[in-house]
Every structure is written in structure tokens, then in C-alpha cells.
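The structure file protein_22.pdb is reproduced below (PDB, N, CA and C atoms).
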ATOM      1  N   MET A   1      16.520   1.799  -0.072
ATOM      2  CA  MET A   1      15.100   2.028  -0.268
ATOM      3  C   MET A   1      14.672   1.313  -1.550
ATOM      4  N   PRO A   2      13.648   0.446  -1.475
ATOM      5  CA  PRO A   2      13.171  -0.229  -2.681
ATOM      6  C   PRO A   2      12.486   0.767  -3.602
ATOM      7  N   LYS A   3      12.836   0.694  -4.857
ATOM      8  CA  LYS A   3      12.274   1.607  -5.845
ATOM      9  C   LYS A   3      11.304   0.833  -6.730
ATOM     10  N   VAL A   4      10.084   1.328  -6.848
ATOM     11  CA  VAL A   4       9.099   0.724  -7.734
ATOM     12  C   VAL A   4       9.385   1.233  -9.141
ATOM     13  N   SER A   5       9.386   0.331 -10.107
ATOM     14  CA  SER A   5       9.732   0.714 -11.478
ATOM     15  C   SER A   5       8.707   1.702 -12.047
ATOM     16  N   PRO A   6       9.170   2.600 -12.905
ATOM     17  CA  PRO A   6       8.243   3.557 -13.531
ATOM     18  C   PRO A   6       7.143   2.851 -14.326
ATOM     19  N   GLU A   7       7.472   1.705 -14.936
ATOM     20  CA  GLU A   7       6.466   0.965 -15.703
ATOM     21  C   GLU A   7       5.329   0.493 -14.795
ATOM     22  N   LEU A   8       5.689  -0.032 -13.621
ATOM     23  CA  LEU A   8       4.669  -0.493 -12.677
ATOM     24  C   LEU A   8       3.870   0.695 -12.141
ATOM     25  N   LEU A   9       4.543   1.766 -11.783
ATOM     26  CA  LEU A   9       3.842   2.951 -11.265
ATOM     27  C   LEU A   9       2.855   3.517 -12.291
ATOM     28  N   SER A  10       3.165   3.370 -13.577
ATOM     29  CA  SER A  10       2.287   3.931 -14.604
ATOM     30  C   SER A  10       0.956   3.205 -14.692
ATOM     31  N   ILE A  11       0.882   1.955 -14.195
ATOM     32  CA  ILE A  11      -0.380   1.218 -14.265
ATOM     33  C   ILE A  11      -1.075   1.077 -12.911
ATOM     34  N   LEU A  12      -0.345   1.288 -11.814
ATOM     35  CA  LEU A  12      -0.951   1.149 -10.488
ATOM     36  C   LEU A  12      -1.893   2.311 -10.201
ATOM     37  N   ARG A  13      -3.000   2.010  -9.504
ATOM     38  CA  ARG A  13      -3.945   3.034  -9.079
ATOM     39  C   ARG A  13      -4.296   2.793  -7.625
ATOM     40  N   CYS A  14      -4.619   3.842  -6.924
ATOM     41  CA  CYS A  14      -5.040   3.746  -5.532
ATOM     42  C   CYS A  14      -6.392   3.044  -5.489
ATOM     43  N   PRO A  15      -6.512   1.963  -4.704
ATOM     44  CA  PRO A  15      -7.789   1.270  -4.636
ATOM     45  C   PRO A  15      -8.892   2.077  -3.924
ATOM     46  N   VAL A  16      -8.521   3.102  -3.198
ATOM     47  CA  VAL A  16      -9.511   3.926  -2.491
ATOM     48  C   VAL A  16     -10.000   5.071  -3.375
ATOM     49  N   THR A  17      -9.067   5.801  -4.004
ATOM     50  CA  THR A  17      -9.439   6.992  -4.773
ATOM     51  C   THR A  17      -9.450   6.771  -6.285
ATOM     52  N   GLY A  18      -8.770   5.722  -6.739
ATOM     53  CA  GLY A  18      -8.659   5.480  -8.179
ATOM     54  C   GLY A  18      -7.605   6.339  -8.849
ATOM     55  N   SER A  19      -6.891   7.142  -8.073
ATOM     56  CA  SER A  19      -5.887   8.050  -8.635
ATOM     57  C   SER A  19      -4.549   7.334  -8.825
ATOM     58  N   PRO A  20      -3.692   7.883  -9.687
ATOM     59  CA  PRO A  20      -2.345   7.326  -9.825
ATOM     60  C   PRO A  20      -1.592   7.413  -8.495
ATOM     61  N   LEU A  21      -0.546   6.608  -8.380
ATOM     62  CA  LEU A  21       0.279   6.595  -7.171
ATOM     63  C   LEU A  21       1.665   7.121  -7.494
ATOM     64  N   VAL A  22       2.280   7.769  -6.515
ATOM     65  CA  VAL A  22       3.662   8.221  -6.637
ATOM     66  C   VAL A  22       4.436   7.666  -5.451
ATOM     67  N   GLN A  23       5.730   7.433  -5.667
ATOM     68  CA  GLN A  23       6.541   6.914  -4.571
ATOM     69  C   GLN A  23       7.135   8.066  -3.788
ATOM     70  N   GLU A  24       6.963   7.991  -2.464
ATOM     71  CA  GLU A  24       7.586   8.942  -1.535
ATOM     72  C   GLU A  24       8.319   8.110  -0.504
ATOM     73  N   GLY A  25       9.621   8.037  -0.626
ATOM     74  CA  GLY A  25      10.406   7.232   0.296
ATOM     75  C   GLY A  25      10.056   5.766   0.149
ATOM     76  N   GLU A  26       9.639   5.140   1.246
ATOM     77  CA  GLU A  26       9.295   3.721   1.231
ATOM     78  C   GLU A  26       7.787   3.499   1.207
ATOM     79  N   GLU A  27       7.060   4.462   0.643
ATOM     80  CA  GLU A  27       5.604   4.363   0.538
ATOM     81  C   GLU A  27       5.151   4.799  -0.847
ATOM     82  N   LEU A  28       3.976   4.301  -1.234
ATOM     83  CA  LEU A  28       3.286   4.835  -2.399
ATOM     84  C   LEU A  28       2.161   5.697  -1.865
ATOM     85  N   VAL A  29       1.931   6.838  -2.515
ATOM     86  CA  VAL A  29       0.948   7.810  -2.034
ATOM     87  C   VAL A  29      -0.002   8.156  -3.173
ATOM     88  N   SER A  30      -1.298   8.190  -2.846
ATOM     89  CA  SER A  30      -2.298   8.567  -3.852
ATOM     90  C   SER A  30      -2.097  10.028  -4.244
ATOM     91  N   THR A  31      -2.412  10.344  -5.498
ATOM     92  CA  THR A  31      -2.258  11.732  -5.945
ATOM     93  C   THR A  31      -3.525  12.547  -5.677
ATOM     94  N   ALA A  32      -4.614  11.875  -5.309
ATOM     95  CA  ALA A  32      -5.859  12.566  -4.960
ATOM     96  C   ALA A  32      -6.223  12.203  -3.525
ATOM     97  N   PRO A  33      -6.804  13.136  -2.791
ATOM     98  CA  PRO A  33      -7.184  12.825  -1.403
ATOM     99  C   PRO A  33      -8.405  11.915  -1.337
ATOM    100  N   ALA A  34      -8.490  11.159  -0.250
ATOM    101  CA  ALA A  34      -9.657  10.320   0.029
ATOM    102  C   ALA A  34     -10.771  11.209   0.573
ATOM    103  N   GLU A  35     -11.891  10.608   0.946
ATOM    104  CA  GLU A  35     -13.040  11.370   1.449
ATOM    105  C   GLU A  35     -12.711  12.182   2.694
ATOM    106  N   ASN A  36     -11.730  11.703   3.486
ATOM    107  CA  ASN A  36     -11.353  12.430   4.700
ATOM    108  C   ASN A  36     -10.418  13.602   4.418
ATOM    109  N   GLY A  37     -10.064  13.810   3.143
ATOM    110  CA  GLY A  37      -9.213  14.932   2.759
ATOM    111  C   GLY A  37      -7.728  14.628   2.780
ATOM    112  N   GLU A  38      -7.357  13.419   3.214
ATOM    113  CA  GLU A  38      -5.945  13.054   3.275
ATOM    114  C   GLU A  38      -5.596  12.103   2.150
ATOM    115  N   LYS A  39      -4.355  12.180   1.695
ATOM    116  CA  LYS A  39      -3.888  11.247   0.683
ATOM    117  C   LYS A  39      -3.621   9.898   1.346
ATOM    118  N   VAL A  40      -3.924   8.830   0.617
ATOM    119  CA  VAL A  40      -3.777   7.480   1.152
ATOM    120  C   VAL A  40      -2.350   7.005   0.921
ATOM    121  N   ARG A  41      -1.760   6.370   1.949
ATOM    122  CA  ARG A  41      -0.379   5.883   1.883
ATOM    123  C   ARG A  41      -0.350   4.369   1.976
ATOM    124  N   TYR A  42       0.517   3.767   1.170
ATOM    125  CA  TYR A  42       0.662   2.321   1.135
ATOM    126  C   TYR A  42       2.128   1.963   1.328
ATOM    127  N   ALA A  43       2.377   1.004   2.203
ATOM    128  CA  ALA A  43       3.741   0.557   2.469
ATOM    129  C   ALA A  43       4.254  -0.286   1.303
ATOM    130  N   ILE A  44       5.567  -0.337   1.193
ATOM    131  CA  ILE A  44       6.238  -1.223   0.241
ATOM    132  C   ILE A  44       7.084  -2.172   1.078
ATOM    133  N   GLU A  45       6.800  -3.473   0.997
ATOM    134  CA  GLU A  45       7.568  -4.467   1.749
ATOM    135  C   GLU A  45       8.274  -5.394   0.781
ATOM    136  N   ASP A  46       9.579  -5.491   0.927
ATOM    137  CA  ASP A  46      10.397  -6.336   0.057
ATOM    138  C   ASP A  46      10.163  -6.008  -1.413
ATOM    139  N   GLY A  47       9.969  -4.735  -1.723
ATOM    140  CA  GLY A  47       9.774  -4.291  -3.100
ATOM    141  C   GLY A  47       8.368  -4.489  -3.628
ATOM    142  N   ILE A  48       7.445  -4.954  -2.776
ATOM    143  CA  ILE A  48       6.071  -5.221  -3.207
ATOM    144  C   ILE A  48       5.129  -4.226  -2.540
ATOM    145  N   PRO A  49       4.408  -3.419  -3.329
ATOM    146  CA  PRO A  49       3.444  -2.481  -2.736
ATOM    147  C   PRO A  49       2.278  -3.237  -2.108
ATOM    148  N   LEU A  50       1.912  -2.870  -0.887
ATOM    149  CA  LEU A  50       0.777  -3.459  -0.190
ATOM    150  C   LEU A  50      -0.424  -2.539  -0.404
ATOM    151  N   LEU A  51      -1.201  -2.827  -1.424
ATOM    152  CA  LEU A  51      -2.278  -1.923  -1.831
ATOM    153  C   LEU A  51      -3.618  -2.277  -1.193
ATOM    154  N   LEU A  52      -3.589  -2.536   0.096
ATOM    155  CA  LEU A  52      -4.828  -2.730   0.835
ATOM    156  C   LEU A  52      -5.244  -1.393   1.436
ATOM    157  N   PRO A  53      -6.543  -1.057   1.362
ATOM    158  CA  PRO A  53      -6.988   0.162   2.042
ATOM    159  C   PRO A  53      -6.604   0.079   3.516
ATOM    160  N   PRO A  54      -6.303   1.199   4.153
ATOM    161  CA  PRO A  54      -5.792   1.196   5.531
ATOM    162  C   PRO A  54      -6.614   0.374   6.511
ATOM    163  N   GLU A  55      -7.952   0.441   6.427
ATOM    164  CA  GLU A  55      -8.776  -0.313   7.372
ATOM    165  C   GLU A  55      -8.654  -1.821   7.147
ATOM    166  N   LEU A  56      -8.482  -2.261   5.906
ATOM    167  CA  LEU A  56      -8.309  -3.687   5.636
ATOM    168  C   LEU A  56      -6.915  -4.154   6.020
ATOM    169  N   LEU A  57      -5.918  -3.308   5.841
ATOM    170  CA  LEU A  57      -4.559  -3.671   6.238
ATOM    171  C   LEU A  57      -4.485  -3.843   7.750
ATOM    172  N   ALA A  58      -5.136  -2.958   8.505
ATOM    173  CA  ALA A  58      -5.148  -3.074   9.961
ATOM    174  C   ALA A  58      -5.843  -4.365  10.381
ATOM    175  N   ALA A  59      -6.956  -4.705   9.736
ATOM    176  CA  ALA A  59      -7.676  -5.941  10.059
ATOM    177  C   ALA A  59      -6.835  -7.157   9.699
ATOM    178  N   SER A  60      -6.152  -7.098   8.583
ATOM    179  CA  SER A  60      -5.297  -8.207   8.155
ATOM    180  C   SER A  60      -4.153  -8.420   9.134
ATOM    181  N   ASN A  61      -3.544  -7.335   9.574
ATOM    182  CA  ASN A  61      -2.440  -7.436  10.535
ATOM    183  C   ASN A  61      -2.931  -7.975  11.874
ATOM    184  N   ALA A  62      -4.099  -7.548  12.311
ATOM    185  CA  ALA A  62      -4.655  -8.016  13.585
ATOM    186  C   ALA A  62      -4.988  -9.506  13.500
ATOM    187  N   ALA A  63      -5.553  -9.938  12.391
ATOM    188  CA  ALA A  63      -5.898 -11.351  12.243
ATOM    189  C   ALA A  63      -4.648 -12.203  12.162
ATOM    190  N   GLY A  64      -3.625 -11.721  11.480
ATOM    191  CA  GLY A  64      -2.396 -12.485  11.327
ATOM    192  C   GLY A  64      -1.619 -12.624  12.622
ATOM    193  N   SER A  65      -1.720 -11.644  13.509
ATOM    194  CA  SER A  65      -0.946 -11.690  14.761
ATOM    195  C   SER A  65      -1.524 -12.669  15.758
ATOM    196  N   GLY A  66      -2.792 -13.055  15.577
ATOM    197  CA  GLY A  66      -3.421 -13.968  16.515
ATOM    198  C   GLY A  66      -3.343 -15.423  16.102
ATOM    199  N   GLN A  67      -2.739 -15.691  14.950
ATOM    200  CA  GLN A  67      -2.673 -17.064  14.469
ATOM    201  C   GLN A  67      -1.437 -17.761  15.011
ATOM    202  N   HIS A  68      -1.589 -19.054  15.269
ATOM    203  CA  HIS A  68      -0.465 -19.879  15.723
ATOM    204  C   HIS A  68      -0.188 -20.934  14.673
ATOM    205  N   HIS A  69       1.059 -21.223  14.458
ATOM    206  CA  HIS A  69       1.421 -22.243  13.488
ATOM    207  C   HIS A  69       1.591 -23.569  14.191
ATOM    208  N   ALA A  70       0.789 -24.527  13.829
ATOM    209  CA  ALA A  70       0.866 -25.862  14.430
ATOM    210  C   ALA A  70       1.823 -26.713  13.612
ATOM    211  N   LYS A  71       2.578 -27.528  14.288
ATOM    212  CA  LYS A  71       3.477 -28.435  13.579
ATOM    213  C   LYS A  71       2.699 -29.669  13.175
ATOM    214  N   ALA A  72       2.988 -30.138  11.961
ATOM    215  CA  ALA A  72       2.278 -31.323  11.460
ATOM    216  C   ALA A  72       2.903 -32.592  11.972
TER     217      ALA A  72
END

Would you give me this structure, written as C-alpha cells?
Amino acid sequence: MPKVSPELLSILRCPVTGSPLVQEGEELVSTAPAENGEKVRYAIEDGIPLLLPPELLAASNAAGSGQHHAKA
């Protein structure tokens, strides 16, 4: 499980709530709930936190899956 350093966690904030983040397993979780009452969760890929709000991450993933790589 990739561990985010305490130094990095001390400066990171949830882009949705503005609250500090804590690591739970392979995710970072906001310490304050969003407007829907749930805490926001962010994946960690290759040791890098993906701090996109959930709706933007879903849009990013959908856009990326439809792209084709052309050979030059």
C-alpha cells in the first residue's frame, strides 16, 4: 500500500470541502463531509493522490477512454 508522507498530508486539503485529508488504506479521505453529508474519497495511484472532485474524475476517465493514439 503506498503511504503518503506525513509532511505532504499536513499541507494537502480536500478541493471540495477545504478540510485536511487523512489516509485510509489506498485512499485519502476528507475530514469534513461534503454538502451531501458524505466524506469525499480520493484514490492514490502510483503514490500520487488524484485530487480531482469525483464528478471531474469521472468526466476525465470517460474522456480518456474514448481517445485513440495515432502513430506518427

Please write the residues picked by the PyMOL selection byres (((chain A and resi 32 and name CA) around 12) and name CA) on this file as a PDB file with N, CA and C atoms, in the coordinates of the input.
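See out.pdb below for the written result:
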ATOM      1  N   ARG A  13      -3.000   2.010  -9.504  1.00  0.00           N
ATOM      2  CA  ARG A  13      -3.945   3.034  -9.079  1.00  0.00           C
ATOM      3  C   ARG A  13      -4.296   2.793  -7.625  1.00  0.00           C
ATOM      4  N   CYS A  14      -4.619   3.842  -6.924  1.00  0.00           N
ATOM      5  CA  CYS A  14      -5.040   3.746  -5.532  1.00  0.00           C
ATOM      6  C   CYS A  14      -6.392   3.044  -5.489  1.00  0.00           C
ATOM      7  N   PRO A  15      -6.512   1.963  -4.704  1.00  0.00           N
ATOM      8  CA  PRO A  15      -7.789   1.270  -4.636  1.00  0.00           C
ATOM      9  C   PRO A  15      -8.892   2.077  -3.924  1.00  0.00           C
ATOM     10  N   VAL A  16      -8.521   3.102  -3.198  1.00  0.00           N
ATOM     11  CA  VAL A  16      -9.511   3.926  -2.491  1.00  0.00           C
ATOM     12  C   VAL A  16     -10.000   5.071  -3.375  1.00  0.00           C
ATOM     13  N   THR A  17      -9.067   5.801  -4.004  1.00  0.00           N
ATOM     14  CA  THR A  17      -9.439   6.992  -4.773  1.00  0.00           C
ATOM     15  C   THR A  17      -9.450   6.771  -6.285  1.00  0.00           C
ATOM     16  N   GLY A  18      -8.770   5.722  -6.739  1.00  0.00           N
ATOM     17  CA  GLY A  18      -8.659   5.480  -8.179  1.00  0.00           C
ATOM     18  C   GLY A  18      -7.605   6.339  -8.849  1.00  0.00           C
ATOM     19  N   SER A  19      -6.891   7.142  -8.073  1.00  0.00           N
ATOM     20  CA  SER A  19      -5.887   8.050  -8.635  1.00  0.00           C
ATOM     21  C   SER A  19      -4.549   7.334  -8.825  1.00  0.00           C
ATOM     22  N   PRO A  20      -3.692   7.883  -9.687  1.00  0.00           N
ATOM     23  CA  PRO A  20      -2.345   7.326  -9.825  1.00  0.00           C
ATOM     24  C   PRO A  20      -1.592   7.413  -8.495  1.00  0.00           C
ATOM     25  N   LEU A  21      -0.546   6.608  -8.380  1.00  0.00           N
ATOM     26  CA  LEU A  21       0.279   6.595  -7.171  1.00  0.00           C
ATOM     27  C   LEU A  21       1.665   7.121  -7.494  1.00  0.00           C
ATOM     28  N   VAL A  22       2.280   7.769  -6.515  1.00  0.00           N
ATOM     29  CA  VAL A  22       3.662   8.221  -6.637  1.00  0.00           C
ATOM     30  C   VAL A  22       4.436   7.666  -5.451  1.00  0.00           C
ATOM     31  N   VAL A  29       1.931   6.838  -2.515  1.00  0.00           N
ATOM     32  CA  VAL A  29       0.948   7.810  -2.034  1.00  0.00           C
ATOM     33  C   VAL A  29      -0.002   8.156  -3.173  1.00  0.00           C
ATOM     34  N   SER A  30      -1.298   8.190  -2.846  1.00  0.00           N
ATOM     35  CA  SER A  30      -2.298   8.567  -3.852  1.00  0.00           C
ATOM     36  C   SER A  30      -2.097  10.028  -4.244  1.00  0.00           C
ATOM     37  N   THR A  31      -2.412  10.344  -5.498  1.00  0.00           N
ATOM     38  CA  THR A  31      -2.258  11.732  -5.945  1.00  0.00           C
ATOM     39  C   THR A  31      -3.525  12.547  -5.677  1.00  0.00           C
ATOM     40  N   PRO A  33      -6.804  13.136  -2.791  1.00  0.00           N
ATOM     41  CA  PRO A  33      -7.184  12.825  -1.403  1.00  0.00           C
ATOM     42  C   PRO A  33      -8.405  11.915  -1.337  1.00  0.00           C
ATOM     43  N   ALA A  34      -8.490  11.159  -0.250  1.00  0.00           N
ATOM     44  CA  ALA A  34      -9.657  10.320   0.029  1.00  0.00           C
ATOM     45  C   ALA A  34     -10.771  11.209   0.573  1.00  0.00           C
ATOM     46  N   GLU A  35     -11.891  10.608   0.946  1.00  0.00           N
ATOM     47  CA  GLU A  35     -13.040  11.370   1.449  1.00  0.00           C
ATOM     48  C   GLU A  35     -12.711  12.182   2.694  1.00  0.00           C
ATOM     49  N   ASN A  36     -11.730  11.703   3.486  1.00  0.00           N
ATOM     50  CA  ASN A  36     -11.353  12.430   4.700  1.00  0.00           C
ATOM     51  C   ASN A  36     -10.418  13.602   4.418  1.00  0.00           C
ATOM     52  N   GLY A  37     -10.064  13.810   3.143  1.00  0.00           N
ATOM     53  CA  GLY A  37      -9.213  14.932   2.759  1.00  0.00           C
ATOM     54  C   GLY A  37      -7.728  14.628   2.780  1.00  0.00           C
ATOM     55  N   GLU A  38      -7.357  13.419   3.214  1.00  0.00           N
ATOM     56  CA  GLU A  38      -5.945  13.054   3.275  1.00  0.00           C
ATOM     57  C   GLU A  38      -5.596  12.103   2.150  1.00  0.00           C
ATOM     58  N   LYS A  39      -4.355  12.180   1.695  1.00  0.00           N
ATOM     59  CA  LYS A  39      -3.888  11.247   0.683  1.00  0.00           C
ATOM     60  C   LYS A  39      -3.621   9.898   1.346  1.00  0.00           C
ATOM     61  N   VAL A  40      -3.924   8.830   0.617  1.00  0.00           N
ATOM     62  CA  VAL A  40      -3.777   7.480   1.152  1.00  0.00           C
ATOM     63  C   VAL A  40      -2.350   7.005   0.921  1.00  0.00           C
ATOM     64  N   ARG A  41      -1.760   6.370   1.949  1.00  0.00           N
ATOM     65  CA  ARG A  41      -0.379   5.883   1.883  1.00  0.00           C
ATOM     66  C   ARG A  41      -0.350   4.369   1.976  1.00  0.00           C
TER      67      ARG A  41
END

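Pairwise distance (atom C of Glu45 of chain A, atom C of Glu24 of chain A) equals 13.6 Å.
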
List every protein, DNA or RNA residue that has an atom no more than 9 Å from (-2.2, 2.5, 9.5) in the file's coordinate frame, counting only C-alpha atoms, and report them as a VMD selection string.
-> chain A and resid 41 to 42 54 to 55 57 to 58

Between atom C of Pro49 of chain A and atom N of Val4 of chain A, what is the spacing in Å?
-> 10.2 Å

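For the pair atom CA of Pro2 of chain A and atom CA of Gln23 of chain A, the separation is 9.9 Å.
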
Which of chain A DSSP labels helix (DSSP H, G or I), written as a PyMOL selection string = chain A and resi 6-11+54-65

Generate the output file for the selected residues, N, CA and C atoms, as a compact mmCIF listing (two decimals), keeping the file's coordinate frame.
# COMPACT_ATOMS: atom_id res chain seq x y z
N PRO A 6 9.17 2.60 -12.90
CA PRO A 6 8.24 3.56 -13.53
C PRO A 6 7.14 2.85 -14.33
N GLU A 7 7.47 1.70 -14.94
CA GLU A 7 6.47 0.96 -15.70
C GLU A 7 5.33 0.49 -14.80
N LEU A 8 5.69 -0.03 -13.62
CA LEU A 8 4.67 -0.49 -12.68
C LEU A 8 3.87 0.70 -12.14
N LEU A 9 4.54 1.77 -11.78
CA LEU A 9 3.84 2.95 -11.26
C LEU A 9 2.86 3.52 -12.29
N SER A 10 3.16 3.37 -13.58
CA SER A 10 2.29 3.93 -14.60
C SER A 10 0.96 3.20 -14.69
N ILE A 11 0.88 1.96 -14.20
CA ILE A 11 -0.38 1.22 -14.26
C ILE A 11 -1.08 1.08 -12.91
N PRO A 54 -6.30 1.20 4.15
CA PRO A 54 -5.79 1.20 5.53
C PRO A 54 -6.61 0.37 6.51
N GLU A 55 -7.95 0.44 6.43
CA GLU A 55 -8.78 -0.31 7.37
C GLU A 55 -8.65 -1.82 7.15
N LEU A 56 -8.48 -2.26 5.91
CA LEU A 56 -8.31 -3.69 5.64
C LEU A 56 -6.92 -4.15 6.02
N LEU A 57 -5.92 -3.31 5.84
CA LEU A 57 -4.56 -3.67 6.24
C LEU A 57 -4.49 -3.84 7.75
N ALA A 58 -5.14 -2.96 8.51
CA ALA A 58 -5.15 -3.07 9.96
C ALA A 58 -5.84 -4.36 10.38
N ALA A 59 -6.96 -4.70 9.74
CA ALA A 59 -7.68 -5.94 10.06
C ALA A 59 -6.84 -7.16 9.70
N SER A 60 -6.15 -7.10 8.58
CA SER A 60 -5.30 -8.21 8.15
C SER A 60 -4.15 -8.42 9.13
N ASN A 61 -3.54 -7.34 9.57
CA ASN A 61 -2.44 -7.44 10.54
C ASN A 61 -2.93 -7.98 11.87
N ALA A 62 -4.10 -7.55 12.31
CA ALA A 62 -4.66 -8.02 13.58
C ALA A 62 -4.99 -9.51 13.50
N ALA A 63 -5.55 -9.94 12.39
CA ALA A 63 -5.90 -11.35 12.24
C ALA A 63 -4.65 -12.20 12.16
N GLY A 64 -3.62 -11.72 11.48
CA GLY A 64 -2.40 -12.48 11.33
C GLY A 64 -1.62 -12.62 12.62
N SER A 65 -1.72 -11.64 13.51
CA SER A 65 -0.95 -11.69 14.76
C SER A 65 -1.52 -12.67 15.76

For Gly25 of chain A, the closest of A:Leu9, A:Asp46, A:Lys3, A:Pro53 counting all atoms listed in the file is A:Lys3

Once 5 Å is added on each side, what are the centre and the three edge lengths, in Å to one decimal, of the axis-aligned box enclosing the listed atoms of segment 39-53 of chain A? Present them as AutoDock Vina command-line options.
--center_x 1.7 --center_y 2.9 --center_z -0.1 --size_x 27.4 --size_y 28.5 --size_z 17.1

Quick one: of A:Leu28, A:Glu7, A:Gly64, A:Leu12, who's nearest to Ala43 of chain A, counting only N, CA and C atoms?
-> A:Leu28
